[in-house]
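What follows is start.cif (mmCIF, C-alpha atoms).
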data_final
loop_
_atom_site.label_atom_id
_atom_site.label_comp_id
_atom_site.auth_asym_id
_atom_site.auth_seq_id
_atom_site.Cartn_x
_atom_site.Cartn_y
_atom_site.Cartn_z
CA MET A 1 14.57 97.33 -30.16
CA VAL A 2 11.92 94.77 -29.22
CA THR A 3 8.93 94.80 -31.53
CA PRO A 4 5.68 94.66 -29.52
CA ARG A 5 3.32 91.82 -30.21
CA ARG A 6 0.37 92.59 -32.43
CA GLU A 7 -3.10 92.36 -30.95
CA ALA A 8 -4.76 88.96 -31.17
CA VAL A 9 -7.71 88.59 -33.52
CA ASN A 10 -11.03 88.98 -31.68
CA THR A 11 -13.57 86.16 -31.74
CA VAL A 12 -16.64 86.24 -29.48
CA GLY A 13 -16.76 88.50 -26.44
CA PHE A 14 -17.12 85.96 -23.66
CA ILE A 15 -14.50 83.64 -25.23
CA ASP A 16 -12.05 86.54 -25.65
CA ASN A 17 -12.62 87.61 -22.04
CA TYR A 18 -12.10 84.10 -20.69
CA CYS A 19 -9.06 83.26 -22.81
CA GLN A 20 -7.41 86.60 -21.99
CA GLN A 21 -6.66 85.17 -18.53
CA TYR A 22 -4.22 82.76 -20.24
CA TYR A 23 -2.58 85.32 -22.54
CA SER A 24 0.77 85.40 -20.73
CA ILE A 25 1.25 81.63 -21.16
CA PHE A 26 1.71 81.94 -24.93
CA GLU A 27 4.88 83.53 -26.31
CA ASP A 28 3.52 83.65 -29.87
CA VAL A 29 0.28 85.55 -30.49
CA ARG A 30 -0.63 83.02 -33.20
CA HIS A 31 -0.65 80.29 -30.57
CA PHE A 32 -2.90 82.39 -28.36
CA GLU A 33 -5.25 82.85 -31.31
CA ALA A 34 -5.28 79.09 -31.92
CA PHE A 35 -6.14 78.65 -28.24
CA LYS A 36 -9.14 80.95 -28.71
CA TYR A 37 -10.19 79.29 -31.97
CA LEU A 38 -10.22 75.89 -30.26
CA HIS A 39 -12.58 77.24 -27.60
CA LEU A 40 -14.79 78.87 -30.21
CA GLY A 41 -14.98 75.66 -32.24
CA MET A 42 -15.63 73.60 -29.13
CA LEU A 43 -18.66 75.71 -28.23
CA SER A 44 -20.03 75.90 -31.77
CA GLU A 45 -23.09 73.92 -32.82
CA ILE A 46 -21.36 71.61 -35.29
CA PRO A 47 -22.10 67.94 -34.41
CA GLN A 48 -18.56 66.60 -34.92
CA LYS A 49 -15.80 68.78 -33.51
CA SER A 50 -12.71 67.48 -35.30
CA LEU A 51 -9.92 69.98 -35.90
CA PRO A 52 -10.73 70.44 -39.63
CA LYS A 53 -14.39 71.09 -38.84
CA ARG A 54 -13.55 73.46 -35.99
CA ALA A 55 -11.16 75.32 -38.30
CA LYS A 56 -13.81 75.67 -41.00
CA THR A 57 -16.35 76.90 -38.47
CA VAL A 58 -14.10 79.65 -37.14
CA GLY A 59 -13.06 80.80 -40.64
CA LEU A 60 -9.65 79.17 -41.04
CA LYS A 61 -8.57 77.68 -44.36
CA SER A 62 -7.56 74.37 -42.78
CA GLY A 63 -6.98 72.69 -39.43
CA GLN A 64 -3.20 72.66 -39.82
CA SER A 65 -2.60 75.66 -37.55
CA LEU A 66 -4.73 74.10 -34.81
CA HIS A 67 -2.95 70.77 -35.28
CA HIS A 68 0.44 72.48 -35.07
CA PHE A 69 -0.64 74.32 -31.93
CA LEU A 70 -1.62 71.11 -30.14
CA ARG A 71 1.34 69.04 -31.33
CA ASP A 72 4.32 71.37 -31.74
CA ALA A 73 3.69 74.78 -30.19
CA LEU A 74 5.76 75.81 -27.16
CA TRP A 75 3.38 76.44 -24.28
CA ASP A 76 3.33 75.10 -20.74
CA THR A 77 0.35 72.84 -20.11
CA LYS A 78 1.14 72.84 -16.38
CA LYS A 79 0.88 76.65 -16.21
CA LEU A 80 -2.38 76.55 -18.17
CA ARG A 81 -3.80 73.95 -15.81
CA GLU A 82 -2.72 75.95 -12.77
CA MET A 83 -4.31 79.10 -14.16
CA ARG A 84 -7.60 77.32 -14.80
CA LEU A 85 -7.58 75.82 -11.30
CA TRP A 86 -6.75 79.22 -9.79
CA LEU A 87 -9.66 80.85 -11.63
CA THR A 88 -11.97 78.06 -10.45
CA LYS A 89 -10.78 78.51 -6.86
CA ILE A 90 -11.49 82.24 -7.04
CA LEU A 91 -14.99 81.57 -8.37
CA ILE A 92 -15.83 79.00 -5.66
CA GLY A 93 -14.19 81.05 -2.92
CA GLU A 94 -14.57 79.74 0.61
CA ARG A 95 -17.63 77.65 -0.12
CA GLU A 96 -17.41 73.95 0.68
CA ILE A 97 -17.35 71.47 -2.20
CA ILE A 98 -18.48 67.90 -2.60
CA LEU A 99 -15.58 66.21 -4.37
CA CYS A 100 -16.45 63.45 -6.84
CA ILE A 101 -13.73 61.07 -8.02
CA ASP A 102 -14.58 59.13 -11.15
CA GLU A 103 -12.97 57.76 -14.26
CA THR A 104 -13.98 57.88 -17.86
CA GLY A 105 -12.64 56.22 -20.98
CA ASP A 106 -13.04 56.27 -24.72
CA LYS A 107 -12.65 53.54 -27.29
CA LYS A 108 -9.86 54.39 -29.71
CA LYS A 109 -8.28 52.48 -32.59
CA GLY A 110 -4.56 52.01 -33.00
CA LYS A 111 -1.75 52.90 -30.60
CA SER A 112 -0.40 56.12 -32.09
CA THR A 113 -1.81 58.11 -29.17
CA ASP A 114 0.12 57.84 -25.90
CA TYR A 115 -1.32 55.41 -23.31
CA VAL A 116 -3.88 53.83 -25.60
CA THR A 117 -4.10 50.07 -25.11
CA ARG A 118 -6.60 47.32 -24.40
CA GLN A 119 -8.00 48.08 -20.96
CA TYR A 120 -11.25 48.23 -19.03
CA ILE A 121 -13.42 51.15 -20.18
CA GLY A 122 -15.87 51.81 -17.36
CA ASN A 123 -18.54 53.64 -19.35
CA LEU A 124 -18.55 50.75 -21.88
CA GLY A 125 -18.48 48.11 -19.15
CA LYS A 126 -15.88 45.96 -20.93
CA VAL A 127 -12.29 45.72 -22.08
CA GLU A 128 -11.61 47.65 -25.29
CA ASN A 129 -8.73 49.41 -26.98
CA GLY A 130 -8.87 52.92 -25.62
CA ILE A 131 -7.68 55.59 -23.23
CA VAL A 132 -8.78 56.22 -19.62
CA SER A 133 -8.51 59.19 -17.28
CA VAL A 134 -9.21 59.68 -13.57
CA ASN A 135 -11.20 62.86 -12.94
CA ALA A 136 -12.07 65.08 -10.00
CA TYR A 137 -15.15 67.31 -9.98
CA GLY A 138 -16.43 69.72 -7.38
CA VAL A 139 -20.15 70.24 -6.72
CA VAL A 140 -21.14 73.55 -5.16
CA GLU A 141 -24.76 74.55 -4.71
CA GLY A 142 -25.89 72.28 -7.54
CA ILE A 143 -23.20 73.41 -10.00
CA THR A 144 -20.49 71.00 -11.16
CA TYR A 145 -16.95 72.32 -11.61
CA PRO A 146 -14.36 70.20 -13.47
CA LEU A 147 -11.21 70.42 -11.35
CA ILE A 148 -8.31 68.18 -12.37
CA PHE A 149 -7.69 64.94 -14.22
CA GLN A 150 -4.84 62.57 -14.93
CA ILE A 151 -4.44 60.09 -17.75
CA PHE A 152 -4.06 56.52 -16.52
CA LYS A 153 -0.79 55.13 -17.87
CA PRO A 154 -0.91 51.33 -18.32
CA LYS A 155 2.29 49.45 -17.57
CA ASN A 156 2.68 48.29 -21.15
CA ARG A 157 2.53 51.86 -22.51
CA LEU A 158 4.84 53.68 -20.11
CA LYS A 159 7.32 56.08 -21.70
CA PRO A 160 10.85 56.81 -20.45
CA GLY A 161 10.56 58.79 -17.22
CA ASP A 162 7.00 57.64 -16.49
CA LYS A 163 6.16 56.13 -13.14
CA TYR A 164 3.34 53.61 -12.98
CA LYS A 165 0.47 54.54 -10.68
CA THR A 166 -2.77 52.70 -10.10
CA LYS A 167 -6.04 54.59 -10.42
CA PRO A 168 -6.46 54.72 -6.61
CA GLN A 169 -2.93 56.16 -6.31
CA ILE A 170 -3.85 58.80 -8.89
CA ALA A 171 -6.99 59.61 -6.90
CA ILE A 172 -4.91 60.10 -3.74
CA ASP A 173 -2.58 62.49 -5.59
CA MET A 174 -5.55 64.54 -6.81
CA ILE A 175 -7.22 64.72 -3.39
CA GLN A 176 -3.98 65.89 -1.80
CA GLU A 177 -3.35 68.44 -4.58
CA LEU A 178 -6.81 69.96 -4.23
CA LYS A 179 -6.36 70.15 -0.48
CA GLU A 180 -3.06 71.99 -0.99
CA TRP A 181 -4.83 74.42 -3.33
CA GLY A 182 -7.09 75.34 -0.44
CA PHE A 183 -10.36 73.85 -1.66
CA LYS A 184 -12.63 73.22 1.31
CA ILE A 185 -13.68 69.63 0.70
CA LYS A 186 -16.83 68.78 2.64
CA LEU A 187 -17.38 65.27 1.31
CA VAL A 188 -15.72 62.81 -1.09
CA LEU A 189 -17.77 60.54 -3.36
CA ALA A 190 -16.27 57.65 -5.33
CA ASP A 191 -17.15 54.27 -6.82
CA SER A 192 -16.04 50.85 -5.60
CA LEU A 193 -12.62 50.94 -7.27
CA TYR A 194 -11.68 53.64 -4.77
CA GLY A 195 -14.05 52.53 -2.01
CA GLU A 196 -12.30 49.17 -1.85
CA SER A 197 -8.88 50.83 -1.67
CA GLY A 198 -7.62 51.01 1.90
CA ASP A 199 -5.05 53.61 0.84
CA VAL A 200 -7.72 55.95 -0.55
CA ILE A 201 -9.91 55.64 2.54
CA SER A 202 -6.91 56.13 4.84
CA CYS A 203 -5.91 59.28 2.90
CA ILE A 204 -9.41 60.75 3.18
CA GLU A 205 -9.64 60.01 6.90
CA LYS A 206 -6.12 61.35 7.54
CA LEU A 207 -7.17 64.62 5.91
CA GLN A 208 -10.26 64.59 8.19
CA MET A 209 -12.77 64.48 5.36
CA MET A 210 -16.13 62.76 5.16
CA PHE A 211 -16.78 60.18 2.44
CA ILE A 212 -19.46 58.07 0.79
CA VAL A 213 -18.02 55.35 -1.42
CA ALA A 214 -19.42 52.35 -3.22
CA ILE A 215 -18.25 48.92 -2.09
CA ARG A 216 -18.69 45.41 -3.45
CA SER A 217 -21.49 43.22 -2.15
CA ASN A 218 -18.86 40.86 -0.72
CA HIS A 219 -16.96 43.64 1.06
CA GLU A 220 -15.13 42.25 4.08
CA VAL A 221 -15.23 43.84 7.54
CA LEU A 222 -13.28 42.60 10.54
CA MET A 223 -15.58 41.61 13.42
CA PRO A 224 -14.86 40.26 16.93
CA PRO A 225 -15.31 36.48 17.36
CA GLY A 226 -18.96 35.53 17.78
CA SER A 227 -20.25 38.72 16.12
CA GLN A 228 -22.83 38.52 13.36
CA LYS A 229 -23.85 40.68 10.43
CA GLY A 230 -27.32 42.19 10.82
CA TYR A 231 -29.73 43.96 8.47
CA ASN A 232 -32.13 46.70 9.51
CA ARG A 233 -35.56 47.00 7.93
CA TRP A 234 -35.93 48.47 4.47
CA LYS A 235 -36.98 52.13 4.50
CA ALA A 236 -38.61 53.85 1.55
CA TYR A 237 -37.40 57.28 0.47
CA GLN A 238 -37.98 59.57 -2.50
CA GLN A 239 -35.05 59.77 -4.92
CA LYS A 240 -34.80 63.05 -6.80
CA LEU A 241 -34.18 62.59 -10.52
CA SER A 242 -33.07 65.16 -13.06
CA HIS A 243 -35.94 66.45 -15.23
CA ARG A 244 -38.18 63.63 -14.02
CA PRO A 245 -40.57 63.09 -11.11
CA THR A 246 -39.06 61.63 -7.96
CA GLU A 247 -39.18 57.85 -7.62
CA THR A 248 -39.41 55.58 -4.62
CA ARG A 249 -36.24 53.77 -3.59
CA TYR A 250 -35.41 51.60 -0.58
CA LEU A 251 -32.48 51.63 1.80
CA ARG A 252 -31.35 49.60 4.78
CA GLU A 253 -28.34 49.68 7.05
CA ILE A 254 -26.02 46.69 7.36
CA ILE A 255 -24.42 46.33 10.79
CA PHE A 256 -21.28 44.25 11.23
CA GLY A 257 -21.44 43.18 14.86
CA LYS A 258 -22.12 46.68 16.14
CA ARG A 259 -22.09 50.18 14.71
CA HIS A 260 -18.70 51.79 14.20
CA ARG A 261 -17.44 55.05 12.72
CA ARG A 262 -17.86 53.57 9.25
CA ARG A 263 -21.44 52.66 8.42
CA TYR A 264 -22.74 50.47 5.61
CA TYR A 265 -25.93 50.61 3.53
CA GLN A 266 -27.67 48.67 0.80
CA ILE A 267 -29.72 50.80 -1.61
CA SER A 268 -32.17 49.62 -4.26
CA LYS A 269 -31.65 50.67 -7.86
CA THR A 270 -35.38 50.48 -8.61
CA ASN A 271 -38.63 50.77 -6.69
CA THR A 272 -38.46 47.11 -5.67
CA PRO A 273 -39.02 46.97 -1.87
CA ASP A 274 -36.79 43.91 -1.31
CA PRO A 275 -34.20 43.91 -4.10
CA THR A 276 -31.71 41.17 -4.88
CA GLY A 277 -27.98 41.87 -4.86
CA ASP A 278 -27.98 42.66 -8.59
CA GLU A 279 -30.80 45.17 -8.12
CA SER A 280 -29.00 47.17 -5.45
CA TRP A 281 -25.71 48.81 -4.69
CA TYR A 282 -23.72 49.03 -1.49
CA ILE A 283 -22.02 52.02 0.09
CA MET A 284 -19.75 52.78 3.03
CA THR A 285 -19.60 56.15 4.80
CA ASN A 286 -18.15 57.85 7.84
CA LEU A 287 -20.93 60.44 7.86
CA SER A 288 -22.91 60.74 11.06
CA ILE A 289 -26.34 61.13 9.55
CA ASP A 290 -29.55 60.58 11.48
CA LEU A 291 -31.66 60.27 8.33
CA PRO A 292 -30.14 57.48 6.19
CA PRO A 293 -31.89 58.56 2.93
CA ASN A 294 -29.59 61.61 2.90
CA VAL A 295 -26.72 59.22 2.28
CA ALA A 296 -28.35 57.94 -0.89
CA GLN A 297 -29.27 61.44 -2.08
CA LEU A 298 -25.71 62.66 -1.62
CA TYR A 299 -24.12 59.66 -3.30
CA SER A 300 -26.45 59.98 -6.30
CA LEU A 301 -24.61 63.20 -7.20
CA ARG A 302 -21.75 61.04 -8.48
CA ASN A 303 -24.08 59.14 -10.80
CA TRP A 304 -25.46 62.36 -12.28
CA ILE A 305 -21.99 63.76 -12.89
CA GLU A 306 -21.12 60.55 -14.73
CA TYR A 307 -24.31 60.88 -16.77
CA GLY A 308 -23.64 64.56 -17.42
CA PHE A 309 -20.07 63.84 -18.53
CA LYS A 310 -21.42 61.41 -21.11
CA GLN A 311 -23.84 64.05 -22.39
CA VAL A 312 -21.04 66.61 -22.67
CA LYS A 313 -18.86 64.22 -24.67
CA ASN A 314 -21.77 63.46 -26.98
CA GLU A 315 -22.42 67.19 -27.40
CA GLN A 316 -18.75 67.71 -28.29
CA GLY A 317 -18.90 64.92 -30.83
CA LEU A 318 -16.59 62.73 -28.76
CA GLY A 319 -19.04 60.02 -27.71
CA GLY A 320 -17.79 57.62 -30.37
CA PHE A 321 -14.19 58.84 -30.54
CA SER A 322 -12.24 56.09 -32.27
CA SER A 323 -9.90 57.68 -34.82
CA ASN A 324 -6.36 56.46 -35.38
#
Using structure tokens, write down the structure that the file contains.
Amino acid sequence: MVTPRREAVNTVGFIDNYCQQYYSIFEDVRHFEAFKYLHLGMLSEIPQKSLPKRAKTVGLKSGQSLHHFLRDALWDTKKLREMRLWLTKILIGEREIILCIDETGDKKKGKSTDYVTRQYIGNLGKVENGIVSVNAYGVVEGITYPLIFQIFKPKNRLKPGDKYKTKPQIAIDMIQELKEWGFKIKLVLADSLYGESGDVISCIEKLQMMFIVAIRSNHEVLMPPGSQKGYNRWKAYQQKLSHRPTETRYLREIIFGKRHRRRYYQISKTNTPDPTGDESWYIMTNLSIDLPPNVAQLYSLRNWIEYGFKQVKNEQGLGGFSSN
């Protein structure tokens, strides 16, 4: 006779209700409880959210059970990810999303953690020992939804069975996966790492999506012989800022010979009316927009997600994550 599982210990109402959606993934009720405790500790007000401190906060004697859950417990991370994505899709429904592709990294000592090595950490702006992931977020009516992510696996840290993929290749995989899930992607935003990737742009256009991507100041465009690059006049616009008054920015279109499906803009980072190259950034888009400032307003969503991600990591006590 099969003995029924005991009921899981209750925590906080909204955490219990959310985690219940994942109940069937865990064969052992203790693992399901650890799953709930991790969420409870993550949302607690303790400044540093290490496993021992989370355990203490939720009333456990030590962090060993949480450590065992993460390292040794038998549960399918793929099923958990699919369940979370399914719940997100239900919540968004048929509304269109603005898809933001970005990467984030954290400095980390040692090499005991998989895929940690010396590599470029974008949010630090330099090469450090750490770990990097490529992330996809959806923006719907001003709300940001984390969708999927993949850890970047450097060539020198590949494990048996791993296949090396560049960050642009990872981005392509994520865009295609979200499309297969049925997300209605209205627009894709990405920085220059992806904007300079012909494969990424080709994928987006093949899927008949719009995009706004950053490009380098020396971005090359093929032009017919005798054609010249032209600059339109700078136009002032009001840039909306989070929790601050709007500020004046400037934008101008760059035309390579003549206008094509892809259009190019230079945008000031400050209120300087005629910025130098270092004081501005460059974008490429296939949007047909009559009012160019809309391009800058839309692309700025990516910057605020990046800023918000940093704030979330700081809130979770992960801003200076560097343990062995």
_Residue neighbourhood Lys167 of chain A, 12 Å, all atoms listed in the file, exclusion window fewer than 4 positions, as a PyMOL selection string_ = chain A and resi 101-104+120+132-135+149-154+171-174+190-197+199-200
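For segment 16-18 of chain A, the residues within 12 Å (counting all atoms listed in the file, excluding itself and residues fewer than 4 positions away along the chain) are Glu7, Ala8, Val9, Asn10, Thr11, Val12, Tyr22, Tyr23, Phe32, Glu33, Ala34, Phe35, Lys36, Tyr37, Leu38, His39, Leu40, Met83, Arg84, Leu87 and Thr88 of chain A.
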Output file for the residues above (C-alpha atoms, as a PDB file, in the frame of the given file):
ATOM      1  CA  GLU A   7      -3.100  92.360 -30.950  1.00  0.00           C
ATOM      2  CA  ALA A   8      -4.760  88.960 -31.170  1.00  0.00           C
ATOM      3  CA  VAL A   9      -7.710  88.590 -33.520  1.00  0.00           C
ATOM      4  CA  ASN A  10     -11.030  88.980 -31.680  1.00  0.00           C
ATOM      5  CA  THR A  11     -13.570  86.160 -31.740  1.00  0.00           C
ATOM      6  CA  VAL A  12     -16.640  86.240 -29.480  1.00  0.00           C
ATOM      7  CA  TYR A  22      -4.220  82.760 -20.240  1.00  0.00           C
ATOM      8  CA  TYR A  23      -2.580  85.320 -22.540  1.00  0.00           C
ATOM      9  CA  PHE A  32      -2.900  82.390 -28.360  1.00  0.00           C
ATOM     10  CA  GLU A  33      -5.250  82.850 -31.310  1.00  0.00           C
ATOM     11  CA  ALA A  34      -5.280  79.090 -31.920  1.00  0.00           C
ATOM     12  CA  PHE A  35      -6.140  78.650 -28.240  1.00  0.00           C
ATOM     13  CA  LYS A  36      -9.140  80.950 -28.710  1.00  0.00           C
ATOM     14  CA  TYR A  37     -10.190  79.290 -31.970  1.00  0.00           C
ATOM     15  CA  LEU A  38     -10.220  75.890 -30.260  1.00  0.00           C
ATOM     16  CA  HIS A  39     -12.580  77.240 -27.600  1.00  0.00           C
ATOM     17  CA  LEU A  40     -14.790  78.870 -30.210  1.00  0.00           C
ATOM     18  CA  MET A  83      -4.310  79.100 -14.160  1.00  0.00           C
ATOM     19  CA  ARG A  84      -7.600  77.320 -14.800  1.00  0.00           C
ATOM     20  CA  LEU A  87      -9.660  80.850 -11.630  1.00  0.00           C
ATOM     21  CA  THR A  88     -11.970  78.060 -10.450  1.00  0.00           C
TER      22      THR A  88
END
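Minimum atom-to-atom distances from A:Trp181, A:Thr113, A:Glu96, A:Ser227 to Val139 of chain A were compared using all atoms listed in the file, and the lowest value belongs to A:Glu96.
Across the chains present, the PyMOL selection byres ((chain A and resi 60-77) around 7) applied to this file returns Ile25, Phe26, His31, Ala34, Leu51, Pro52, Ala55, Lys56, Val58, Gly59, Lys78, Lys79, Leu80 and Arg81 of chain A.
Take atom CA of Ser280 of chain A and atom CA of Arg249 of chain A: the distance between them is 10.0 Å.
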Pairwise distance, atom CA of Trp86 of chain A with atom CA of Val188 of chain A, equals 20.6 Å
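Distances from A:Glu279, A:Glu253, A:Asp114, A:Glu45 to Arg157 of chain A were compared using only C-alpha atoms, and the smallest one belongs to A:Asp114.
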Contact residues around Gly138 of chain A with all atoms listed in the file at 7 Å, ignoring same-chain residues under 6 positions, as an NGL selection string
:A and (97-100 or 144-147)
### Task
To verify the selection step, state as a PyMOL selection string which residues the PyMOL selection byres ((chain A and resi 205) around 12) yields on this input.
chain A and resi 172+175-176+187-188+198-204+206-212+261-262+285-287
Since the input has fewer atoms than a full residue there, write segment 188-201 of chain A out with N, CA and C atoms, as a PDB file, in the coordinates of the input.
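Result saved to result19.pdb:
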ATOM      1  N   VAL A 188     -16.285  63.479   0.082  1.00  0.00           N
ATOM      2  CA  VAL A 188     -15.720  62.810  -1.090  1.00  0.00           C
ATOM      3  C   VAL A 188     -16.630  61.673  -1.503  1.00  0.00           C
ATOM      4  N   LEU A 189     -16.959  61.609  -2.792  1.00  0.00           N
ATOM      5  CA  LEU A 189     -17.770  60.540  -3.360  1.00  0.00           C
ATOM      6  C   LEU A 189     -16.941  59.776  -4.377  1.00  0.00           C
ATOM      7  N   ALA A 190     -17.039  58.450  -4.367  1.00  0.00           N
ATOM      8  CA  ALA A 190     -16.270  57.650  -5.330  1.00  0.00           C
ATOM      9  C   ALA A 190     -16.906  56.287  -5.487  1.00  0.00           C
ATOM     10  N   ASP A 191     -16.581  55.596  -6.594  1.00  0.00           N
ATOM     11  CA  ASP A 191     -17.150  54.270  -6.820  1.00  0.00           C
ATOM     12  C   ASP A 191     -16.299  53.209  -6.130  1.00  0.00           C
ATOM     13  N   SER A 192     -16.629  51.943  -6.378  1.00  0.00           N
ATOM     14  CA  SER A 192     -16.040  50.850  -5.600  1.00  0.00           C
ATOM     15  C   SER A 192     -14.555  50.655  -5.857  1.00  0.00           C
ATOM     16  N   LEU A 193     -14.049  51.077  -7.017  1.00  0.00           N
ATOM     17  CA  LEU A 193     -12.620  50.940  -7.270  1.00  0.00           C
ATOM     18  C   LEU A 193     -11.826  51.681  -6.201  1.00  0.00           C
ATOM     19  N   TYR A 194     -12.346  52.825  -5.784  1.00  0.00           N
ATOM     20  CA  TYR A 194     -11.680  53.640  -4.770  1.00  0.00           C
ATOM     21  C   TYR A 194     -12.209  53.310  -3.374  1.00  0.00           C
ATOM     22  N   GLY A 195     -13.479  52.907  -3.295  1.00  0.00           N
ATOM     23  CA  GLY A 195     -14.050  52.530  -2.010  1.00  0.00           C
ATOM     24  C   GLY A 195     -13.427  51.278  -1.423  1.00  0.00           C
ATOM     25  N   GLU A 196     -12.940  50.403  -2.305  1.00  0.00           N
ATOM     26  CA  GLU A 196     -12.300  49.170  -1.850  1.00  0.00           C
ATOM     27  C   GLU A 196     -10.793  49.350  -1.633  1.00  0.00           C
ATOM     28  N   SER A 197     -10.302  50.559  -1.856  1.00  0.00           N
ATOM     29  CA  SER A 197      -8.880  50.830  -1.670  1.00  0.00           C
ATOM     30  C   SER A 197      -8.633  51.350  -0.258  1.00  0.00           C
ATOM     31  N   GLY A 198      -7.936  50.568   0.544  1.00  0.00           N
ATOM     32  CA  GLY A 198      -7.620  51.010   1.900  1.00  0.00           C
ATOM     33  C   GLY A 198      -6.778  52.263   1.915  1.00  0.00           C
ATOM     34  N   ASP A 199      -5.896  52.427   0.901  1.00  0.00           N
ATOM     35  CA  ASP A 199      -5.050  53.610   0.840  1.00  0.00           C
ATOM     36  C   ASP A 199      -5.870  54.878   0.598  1.00  0.00           C
ATOM     37  N   VAL A 200      -6.873  54.790  -0.280  1.00  0.00           N
ATOM     38  CA  VAL A 200      -7.720  55.950  -0.550  1.00  0.00           C
ATOM     39  C   VAL A 200      -8.496  56.340   0.697  1.00  0.00           C
ATOM     40  N   ILE A 201      -9.115  55.361   1.350  1.00  0.00           N
ATOM     41  CA  ILE A 201      -9.910  55.640   2.540  1.00  0.00           C
ATOM     42  C   ILE A 201      -9.019  56.204   3.653  1.00  0.00           C
TER      43      ILE A 201
END
